[in-house]
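Trainee: The following block contains the structure, expressed as structure tokens.
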Amino acid sequence: MQEIVNFIKDNFDFNVFILFLITSYFLYMDSVDYKNKNLEKERKFSKFFAIFYVVISFILYLATKILPS
């Protein structure tokens, strides 16, 4: 378990957090575009992963700040 915590702390910094949020934004904007084109499956997929990326990025960012070294 400690190896996983150390890996997350070493590799997940603020830049990766920002990258996840930017990716989430683009996926969300794609879902809006898919809705306008009536592509329902693609819209659901993009929206799901946009929300998933936001949740994962916050969890990993908080884990790097809260978990002990």
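Every chain in the structure tokens takes a letter, A first, then B, and so on in the order presented; its residues are numbered from 1, and the ligands are numbered from 1 following the presented order.
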Counting only C-alpha atoms, which residues in region 36-68 of chain A sit no more than 10 Å from region 13-23 of chain A? For each one, give the nearest pair of atoms and the distance in Å, sorted by chain then residue number, as JSON lines.
Mentor:
```
{"residue": "A:Phe49", "atom": "CA", "partner": "A:Thr23", "partner_atom": "CA", "distance": 9.4}
{"residue": "A:Ala50", "atom": "CA", "partner": "A:Thr23", "partner_atom": "CA", "distance": 7.4}
{"residue": "A:Ile51", "atom": "CA", "partner": "A:Leu21", "partner_atom": "CA", "distance": 9.7}
{"residue": "A:Phe52", "atom": "CA", "partner": "A:Phe20", "partner_atom": "CA", "distance": 9.9}
{"residue": "A:Tyr53", "atom": "CA", "partner": "A:Phe20", "partner_atom": "CA", "distance": 6.1}
{"residue": "A:Val54", "atom": "CA", "partner": "A:Leu21", "partner_atom": "CA", "distance": 6.1}
{"residue": "A:Val55", "atom": "CA", "partner": "A:Leu21", "partner_atom": "CA", "distance": 9.6}
{"residue": "A:Ile56", "atom": "CA", "partner": "A:Phe20", "partner_atom": "CA", "distance": 8.5}
{"residue": "A:Ser57", "atom": "CA", "partner": "A:Phe17", "partner_atom": "CA", "distance": 5.6}
{"residue": "A:Phe58", "atom": "CA", "partner": "A:Phe17", "partner_atom": "CA", "distance": 7.6}
{"residue": "A:Ile59", "atom": "CA", "partner": "A:Phe17", "partner_atom": "CA", "distance": 10.0}
{"residue": "A:Leu60", "atom": "CA", "partner": "A:Phe17", "partner_atom": "CA", "distance": 8.2}
{"residue": "A:Tyr61", "atom": "CA", "partner": "A:Phe17", "partner_atom": "CA", "distance": 6.6}
{"residue": "A:Thr64", "atom": "CA", "partner": "A:Asp13", "partner_atom": "CA", "distance": 7.8}
{"residue": "A:Lys65", "atom": "CA", "partner": "A:Asp13", "partner_atom": "CA", "distance": 9.7}
```
Trainee: Store the residues picked out above in a file with N, CA and C atoms, as a JSON list (two decimals), in the first residue's frame.
Mentor:
```json
[["chain", "number", "residue", "atom", "x", "y", "z"],
["A", 49, "PHE", "N", -17.19, 10.35, -18.86],
["A", 49, "PHE", "CA", -15.75, 10.44, -18.64],
["A", 49, "PHE", "C", -15.31, 11.84, -18.20],
["A", 50, "ALA", "N", -16.04, 12.85, -18.58],
["A", 50, "ALA", "CA", -15.73, 14.19, -18.08],
["A", 50, "ALA", "C", -15.93, 14.24, -16.57],
["A", 51, "ILE", "N", -17.04, 13.72, -16.11],
["A", 51, "ILE", "CA", -17.32, 13.68, -14.67],
["A", 51, "ILE", "C", -16.33, 12.76, -13.96],
["A", 52, "PHE", "N", -16.05, 11.61, -14.57],
["A", 52, "PHE", "CA", -15.10, 10.65, -14.00],
["A", 52, "PHE", "C", -13.72, 11.28, -13.82],
["A", 53, "TYR", "N", -13.24, 12.00, -14.83],
["A", 53, "TYR", "CA", -11.93, 12.65, -14.75],
["A", 53, "TYR", "C", -11.89, 13.70, -13.65],
["A", 54, "VAL", "N", -12.95, 14.46, -13.49],
["A", 54, "VAL", "CA", -12.99, 15.47, -12.43],
["A", 54, "VAL", "C", -12.92, 14.80, -11.07],
["A", 55, "VAL", "N", -13.70, 13.76, -10.88],
["A", 55, "VAL", "CA", -13.71, 13.06, -9.59],
["A", 55, "VAL", "C", -12.36, 12.44, -9.29],
["A", 56, "ILE", "N", -11.79, 11.74, -10.27],
["A", 56, "ILE", "CA", -10.48, 11.10, -10.07],
["A", 56, "ILE", "C", -9.40, 12.13, -9.81],
["A", 57, "SER", "N", -9.43, 13.24, -10.53],
["A", 57, "SER", "CA", -8.39, 14.25, -10.33],
["A", 57, "SER", "C", -8.47, 14.84, -8.93],
["A", 58, "PHE", "N", -9.67, 15.12, -8.43],
["A", 58, "PHE", "CA", -9.79, 15.65, -7.07],
["A", 58, "PHE", "C", -9.37, 14.61, -6.03],
["A", 59, "ILE", "N", -9.75, 13.37, -6.22],
["A", 59, "ILE", "CA", -9.36, 12.33, -5.27],
["A", 59, "ILE", "C", -7.85, 12.17, -5.22],
["A", 60, "LEU", "N", -7.22, 12.10, -6.39],
["A", 60, "LEU", "CA", -5.76, 11.93, -6.41],
["A", 60, "LEU", "C", -5.04, 13.16, -5.88],
["A", 61, "TYR", "N", -5.53, 14.33, -6.21],
["A", 61, "TYR", "CA", -4.89, 15.55, -5.70],
["A", 61, "TYR", "C", -5.00, 15.63, -4.18],
["A", 64, "THR", "N", -2.66, 13.18, -2.50],
["A", 64, "THR", "CA", -1.26, 13.60, -2.43],
["A", 64, "THR", "C", -1.03, 14.61, -1.31],
["A", 65, "LYS", "N", -2.05, 15.34, -0.95],
["A", 65, "LYS", "CA", -1.90, 16.35, 0.10],
["A", 65, "LYS", "C", -2.20, 15.80, 1.50]]
```
Trainee: Tell me, as a PyMOL selection string, which residues lie within 10 Å of Asn6 (chain A), counting only C-alpha atoms; anything in the same chain fewer than 4 positions away does not count.
Mentor: chain A and resi 1-2+10-12+64+67-69
Trainee: Can I get the selection written as a tab-separated table (two decimals), in the first residue's frame, with N, CA and C atoms?
Mentor:
```tsv
chain	number	residue	atom	x	y	z
A	1	MET	N	0.82	-1.19	0.00
A	1	MET	CA	0.00	0.00	0.00
A	1	MET	C	0.87	1.26	0.00
A	2	GLN	N	1.94	1.22	0.78
A	2	GLN	CA	2.83	2.38	0.86
A	2	GLN	C	3.48	2.67	-0.49
A	10	ASP	N	4.59	10.86	-5.95
A	10	ASP	CA	5.72	11.22	-6.82
A	10	ASP	C	5.26	11.66	-8.20
A	11	ASN	N	4.19	11.08	-8.71
A	11	ASN	CA	3.81	11.31	-10.10
A	11	ASN	C	2.61	12.22	-10.31
A	12	PHE	N	1.82	12.43	-9.29
A	12	PHE	CA	0.61	13.23	-9.46
A	12	PHE	C	0.81	14.57	-8.79
A	64	THR	N	-2.66	13.18	-2.50
A	64	THR	CA	-1.26	13.60	-2.43
A	64	THR	C	-1.03	14.61	-1.31
A	67	LEU	N	-2.41	12.14	2.46
A	67	LEU	CA	-1.74	10.90	2.86
A	67	LEU	C	-0.32	11.17	3.34
A	68	PRO	N	0.10	10.45	4.36
A	68	PRO	CA	1.48	10.64	4.85
A	68	PRO	C	2.49	10.06	3.87
A	69	SER	N	3.70	10.54	3.96
A	69	SER	CA	4.77	10.06	3.06
A	69	SER	C	5.23	8.68	3.44
```
Trainee: Could you name the residues that touch Phe48 (chain A) at 10 Å or less, counting only C-alpha atoms, but leaving out those on the same chain fewer than 3 positions away, as a ChimeraX atom specification?
Mentor: /A:24,27-28,31,42-45,51-53
Trainee: Restricting it to C-alpha atoms, dump the selection as a CSV table (one decimal), in the first residue's frame.
Mentor:
```
chain,number,residue,atom,x,y,z
A,24,SER,CA,-12.7,17.1,-18.5
A,27,LEU,CA,-14.9,16.1,-23.0
A,28,TYR,CA,-17.9,18.0,-21.6
A,31,SER,CA,-20.8,16.0,-25.2
A,42,GLU,CA,-21.3,9.5,-27.7
A,43,ARG,CA,-22.8,12.2,-25.6
A,44,LYS,CA,-23.3,9.9,-22.6
A,45,PHE,CA,-19.8,8.5,-23.0
A,51,ILE,CA,-17.3,13.7,-14.7
A,52,PHE,CA,-15.1,10.7,-14.0
A,53,TYR,CA,-11.9,12.6,-14.7
```
Trainee: Would you compute the distance between CA of Ser46 (chain A) and CA of Val32 (chain A)? Give it in Å to one decimal.
Mentor: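 CA of Ser46 (chain A) sits 9.1 Å away from CA of Val32 (chain A).
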Trainee: Using only C-alpha atoms, which residue out of A:Ile4, A:Glu40, A:Tyr34, A:Met29 lies closest to Ala63 (chain A)?
Mentor: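 Ranking A:Ile4, A:Glu40, A:Tyr34, A:Met29 by distance to Ala63 (chain A), first place goes to A:Ile4.
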